[in-house]
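Asks: Pasting a structure here, questions to come.
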Amino acid sequence: MDKSARIEAFAQELERFLPTGSSRYIASFIIEHVVHFTVSKKRKTKLGDYRHPFRGQPHRISVNGDLNQYAFLITTLHEMAHLTTYNKYKNRVKPHGLEWKKEFQNIAAPILSEIELPDDIRQALTNYLKNAKASSCTDDRLYRVLKRYDKSTLPTLETLKFGAHFKLNGKIYVKGKKLRTRFECQDVSSQKFYRVLGLAEVEHIEN
C-alpha cells in the first residue's frame with residue numbers, strides 16, 4: 001500500500017474520533033512523521049501524551065478515546081506540536097515554552113482556516129492559542145466550551161452546594177470554599193485538603 005492509500009485508510013479509522021473534515025490532516029501528519037499513534041482508554045492524569053524516539057522506537061502519541069471530537073482534535077494537535085518542537089530543538093527548550101506555543105499555532109492554523117468548526121469552538125481555540133497552556137483543562141474558557149459537547153450526565157463540582165459530599169476517583173470529599181477556578185475540598189477518609197477543579201465531573205452523594 002502506497003503512502004497516499006495508507007493516509008486515506010488511517011483517516012477513515014480516525015473519522016469517528018474527530019470533527020468532519022479533519023481526519024485526513026491528522027492522518028497525513030501521523031504518516032509523514034512516522035508516528036505510532038494510539039487511542040487510549042481514559043486516564044485520570046492526562047488527556048494525551050507524546051514520547052520522542054528512543055532506543056529504536058518511533059515518535060509516539062496517545063490520546064484518550066473518551067474525549068468528545070473537539071477535545072480529541074485539540075489534544076492531538078497539542079501532542080503533534082510537541083513532536084515538531086522536539087524535531088527542531090530536541091530537549092533544549094521547555095516542554096510548553098515559547099517554541100512549543102509557536103509550533104502549536106502553526107499546526108492548528110490549517111484546522112482554523114480550512115475545517116468547519118462550531119463558532120464557540122473556533123473562538124475558544126483561537127483565544128487559547130494566543131498563550132497555550134500545558135493542558136486545555138487549565139484554560140477555563142476553552143474547557144467550558146469543550147464540555148458543552150460532552151455526553152456525560154454527571155454534575156460538575158461547581159454546581160454542588162458548599163458542604164456537599166461527592167465522589168471523585170473512588171474517594172469521597174466534602175466541598176469547601178472557592179479558590180479561583182478550584183475548590184478546597186476535604187478527603188473524608190484522610191481529612192486532608194485538596195484543590196479540585198470546579199469543572200471536574202463528580203458523583204454527588206446525598207448527605
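Chain lettering (A, B, ...) mirrors the order of the C-alpha cells, residue numbering begins at 1 for each chain separately, and ligand numbering begins at 1 in order of display.
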Please identify which residues in range 20-187 of chain A DSSP calls alpha helix (DSSP H) from the backbone, and express them as JSON, numbers by chain.

Replies: {"A": [23, 24, 25, 26, 27, 28, 29, 30, 31, 32, 69, 70, 71, 72, 73, 74, 75, 76, 77, 78, 79, 80, 81, 82, 83, 84, 85, 86, 87, 88, 89, 98, 99, 100, 101, 102, 103, 104, 105, 106, 107, 108, 109, 110, 111, 112, 113, 114, 119, 120, 121, 122, 123, 124, 125, 126, 127, 128, 129, 140, 141, 142, 143, 144, 145, 146, 147]}

Asks: May I have the selected residues written with C-alpha atoms, as a PDB file, in the first residue's frame?

Replies:
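Heads up, here's the output in again29.pdb:
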```pdb
ATOM      1  CA  SER A  23      -9.136  13.292   9.917  1.00  0.00           C
ATOM      2  CA  ARG A  24      -7.074  13.462   6.709  1.00  0.00           C
ATOM      3  CA  TYR A  25      -4.962  16.332   8.030  1.00  0.00           C
ATOM      4  CA  ILE A  26      -4.207  14.389  11.200  1.00  0.00           C
ATOM      5  CA  ALA A  27      -3.598  11.140   9.312  1.00  0.00           C
ATOM      6  CA  SER A  28      -1.209  12.868   6.888  1.00  0.00           C
ATOM      7  CA  PHE A  29       0.839  14.261   9.760  1.00  0.00           C
ATOM      8  CA  ILE A  30       0.998  10.900  11.535  1.00  0.00           C
ATOM      9  CA  ILE A  31       2.080   9.025   8.395  1.00  0.00           C
ATOM     10  CA  GLU A  32       4.526  11.723   7.229  1.00  0.00           C
ATOM     11  CA  GLN A  69     -14.458  15.058  18.957  1.00  0.00           C
ATOM     12  CA  TYR A  70     -13.291  18.634  19.532  1.00  0.00           C
ATOM     13  CA  ALA A  71     -11.322  17.809  22.678  1.00  0.00           C
ATOM     14  CA  PHE A  72      -9.774  14.855  20.829  1.00  0.00           C
ATOM     15  CA  LEU A  73      -8.745  17.137  17.967  1.00  0.00           C
ATOM     16  CA  ILE A  74      -7.217  19.835  20.182  1.00  0.00           C
ATOM     17  CA  THR A  75      -5.390  17.277  22.316  1.00  0.00           C
ATOM     18  CA  THR A  76      -3.984  15.632  19.179  1.00  0.00           C
ATOM     19  CA  LEU A  77      -2.795  18.992  17.827  1.00  0.00           C
ATOM     20  CA  HIS A  78      -1.207  19.683  21.234  1.00  0.00           C
ATOM     21  CA  GLU A  79       0.816  16.455  21.041  1.00  0.00           C
ATOM     22  CA  MET A  80       1.713  16.999  17.374  1.00  0.00           C
ATOM     23  CA  ALA A  81       3.211  20.347  18.396  1.00  0.00           C
ATOM     24  CA  HIS A  82       5.405  18.536  20.925  1.00  0.00           C
ATOM     25  CA  LEU A  83       6.685  16.346  18.089  1.00  0.00           C
ATOM     26  CA  THR A  84       7.636  19.202  15.771  1.00  0.00           C
ATOM     27  CA  THR A  85       9.166  21.102  18.700  1.00  0.00           C
ATOM     28  CA  TYR A  86      11.315  18.070  19.521  1.00  0.00           C
ATOM     29  CA  ASN A  87      12.378  17.679  15.892  1.00  0.00           C
ATOM     30  CA  LYS A  88      13.586  21.293  15.830  1.00  0.00           C
ATOM     31  CA  TYR A  89      15.020  21.718  19.320  1.00  0.00           C
ATOM     32  CA  LEU A  98       7.501  29.742  23.554  1.00  0.00           C
ATOM     33  CA  GLU A  99       8.825  27.364  20.915  1.00  0.00           C
ATOM     34  CA  TRP A 100       6.064  24.818  21.580  1.00  0.00           C
ATOM     35  CA  LYS A 101       3.407  27.544  21.599  1.00  0.00           C
ATOM     36  CA  LYS A 102       4.585  28.718  18.186  1.00  0.00           C
ATOM     37  CA  GLU A 103       4.514  25.178  16.825  1.00  0.00           C
ATOM     38  CA  PHE A 104       1.005  24.692  18.223  1.00  0.00           C
ATOM     39  CA  GLN A 105      -0.171  27.849  16.443  1.00  0.00           C
ATOM     40  CA  ASN A 106       1.374  26.701  13.152  1.00  0.00           C
ATOM     41  CA  ILE A 107      -0.104  23.204  13.364  1.00  0.00           C
ATOM     42  CA  ALA A 108      -3.572  24.463  14.305  1.00  0.00           C
ATOM     43  CA  ALA A 109      -3.660  27.129  11.572  1.00  0.00           C
ATOM     44  CA  PRO A 110      -4.901  24.806   8.760  1.00  0.00           C
ATOM     45  CA  ILE A 111      -7.646  23.485  11.043  1.00  0.00           C
ATOM     46  CA  LEU A 112      -8.874  27.002  11.823  1.00  0.00           C
ATOM     47  CA  SER A 113      -8.723  28.138   8.200  1.00  0.00           C
ATOM     48  CA  GLU A 114      -9.955  25.054   6.354  1.00  0.00           C
ATOM     49  CA  ASP A 119     -18.282  29.204  16.262  1.00  0.00           C
ATOM     50  CA  ASP A 120     -17.758  28.755  20.015  1.00  0.00           C
ATOM     51  CA  ILE A 121     -15.052  26.128  19.477  1.00  0.00           C
ATOM     52  CA  ARG A 122     -13.303  28.226  16.824  1.00  0.00           C
ATOM     53  CA  GLN A 123     -13.294  31.345  19.008  1.00  0.00           C
ATOM     54  CA  ALA A 124     -12.189  29.492  22.151  1.00  0.00           C
ATOM     55  CA  LEU A 125      -9.355  27.720  20.292  1.00  0.00           C
ATOM     56  CA  THR A 126      -8.226  30.966  18.646  1.00  0.00           C
ATOM     57  CA  ASN A 127      -8.046  32.695  22.035  1.00  0.00           C
ATOM     58  CA  TYR A 128      -6.330  29.705  23.650  1.00  0.00           C
ATOM     59  CA  LEU A 129      -3.591  29.615  21.003  1.00  0.00           C
ATOM     60  CA  ASP A 140     -11.099  27.779  31.944  1.00  0.00           C
ATOM     61  CA  ARG A 141     -12.747  29.351  28.895  1.00  0.00           C
ATOM     62  CA  LEU A 142     -11.659  26.628  26.461  1.00  0.00           C
ATOM     63  CA  TYR A 143     -12.512  23.845  28.908  1.00  0.00           C
ATOM     64  CA  ARG A 144     -16.017  25.224  29.456  1.00  0.00           C
ATOM     65  CA  VAL A 145     -16.668  25.380  25.726  1.00  0.00           C
ATOM     66  CA  LEU A 146     -15.341  21.861  25.142  1.00  0.00           C
ATOM     67  CA  LYS A 147     -17.541  20.453  27.908  1.00  0.00           C
TER      68      LYS A 147
END
```

Asks: What is the CA of Pro95 in chain A-CA of Ala134 in chain A distance in Å, reported with one decimal?

Replies: 8.3 Å

Asks: Just how far from CA of Glu203 in chain A is CA of Pro155 in chain A, in Å to one decimal?

Replies: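 The value is 7.0 Å.
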
Asks: Given only C-alpha atoms, how would the per-residue table for range 105-206 of chain A near range 37-49 of chain A read, listing every residue at most 9 Å away with its closest atom pair and distance in Å to one decimal, sorted by chain and number, as a Markdown table?

Replies:
```
| residue | atom | partner | partner_atom | distance |
| --- | --- | --- | --- | --- |
| A:Ser135 | CA | A:Leu47 | CA | 8.1 |
| A:Ser136 | CA | A:Leu47 | CA | 9.0 |
| A:Cys137 | CA | A:Leu47 | CA | 9.0 |
| A:Asn169 | CA | A:Lys44 | CA | 8.0 |
```

Asks: Determine which residues of range 106-196 of chain A DSSP labels as strand (DSSP E) from the backbone of this structure, then write them out as a list in words.

Replies: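 So the strand (DSSP E) residues in range 106-196 of chain A would be His165, Phe166, Lys167, Leu168, Lys171, Ile172, Tyr173, Val174, Lys175, Gly176, Lys177, Lys178, Leu179, Arg182, Phe183, Glu184, Cys185, Gln186, Asp187, Phe193, Tyr194, Arg195 and Val196 of chain A.
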
Asks: Can you list, as a PDB file with C-alpha atoms, in the first residue's frame, every protein, DNA or RNA residue that comes within 10 Å of Lys151 in chain A when you count only C-alpha atoms, leaving out same-chain residues fewer than 5 positions away?

Replies:
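Now in out32.pdb:
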```pdb
ATOM      1  CA  ASP A  66     -13.309   9.013  25.693  1.00  0.00           C
ATOM      2  CA  LEU A  67     -12.887  12.673  24.673  1.00  0.00           C
ATOM      3  CA  ASN A  68     -15.504  14.415  22.564  1.00  0.00           C
TER       4      ASN A  68
END
```

Asks: For the atom pair CA of Val188 in chain A and CA of Glu206 in chain A, what is the interatomic distance in Å to one decimal place?

Replies: 14.2 Å

Asks: Leaving out Glu201 in chain A and any residue of its chain fewer than 4 positions from it, which residues lie within 8 Å of it when counting only C-alpha atoms, given as a list in words?

Replies: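 These residues fall inside the cut-off: Leu154, Pro155, Thr156, Leu157 and Leu168 of chain A.
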
Asks: Leaving out Lys167 in chain A and any residue of its chain fewer than 2 positions from it, which residues lie within 6 Å of it when counting only C-alpha atoms, given as a ChimeraX atom specification?

Replies: /A:171-172,202-203

Asks: Sorted by chain and rising residue number, list the residues of range 49-168 of chain A at most 8 Å from range 174-187 of chain A (counting only C-alpha atoms), each with its closest atom pair and distance in Å to one decimal, as JSON lines.

Replies:
```
{"residue": "A:Asp140", "atom": "CA", "partner": "A:Thr181", "partner_atom": "CA", "distance": 7.4}
{"residue": "A:Leu157", "atom": "CA", "partner": "A:Lys175", "partner_atom": "CA", "distance": 7.9}
{"residue": "A:Leu160", "atom": "CA", "partner": "A:Lys175", "partner_atom": "CA", "distance": 7.8}
{"residue": "A:Lys161", "atom": "CA", "partner": "A:Lys175", "partner_atom": "CA", "distance": 7.5}
{"residue": "A:Phe162", "atom": "CA", "partner": "A:Lys175", "partner_atom": "CA", "distance": 5.6}
{"residue": "A:Gly163", "atom": "CA", "partner": "A:Lys175", "partner_atom": "CA", "distance": 4.9}
{"residue": "A:Ala164", "atom": "CA", "partner": "A:Lys175", "partner_atom": "CA", "distance": 5.4}
{"residue": "A:His165", "atom": "CA", "partner": "A:Val174", "partner_atom": "CA", "distance": 4.6}
{"residue": "A:Phe166", "atom": "CA", "partner": "A:Val174", "partner_atom": "CA", "distance": 6.5}
```

Asks: So, with only C-alpha atoms as the atoms that count, which of A:Arg148, A:Ser189, A:Thr20, A:Val34 lies closest to Ile61 in chain A?

Replies: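 Smallest distance to Ile61 in chain A is found for A:Val34.
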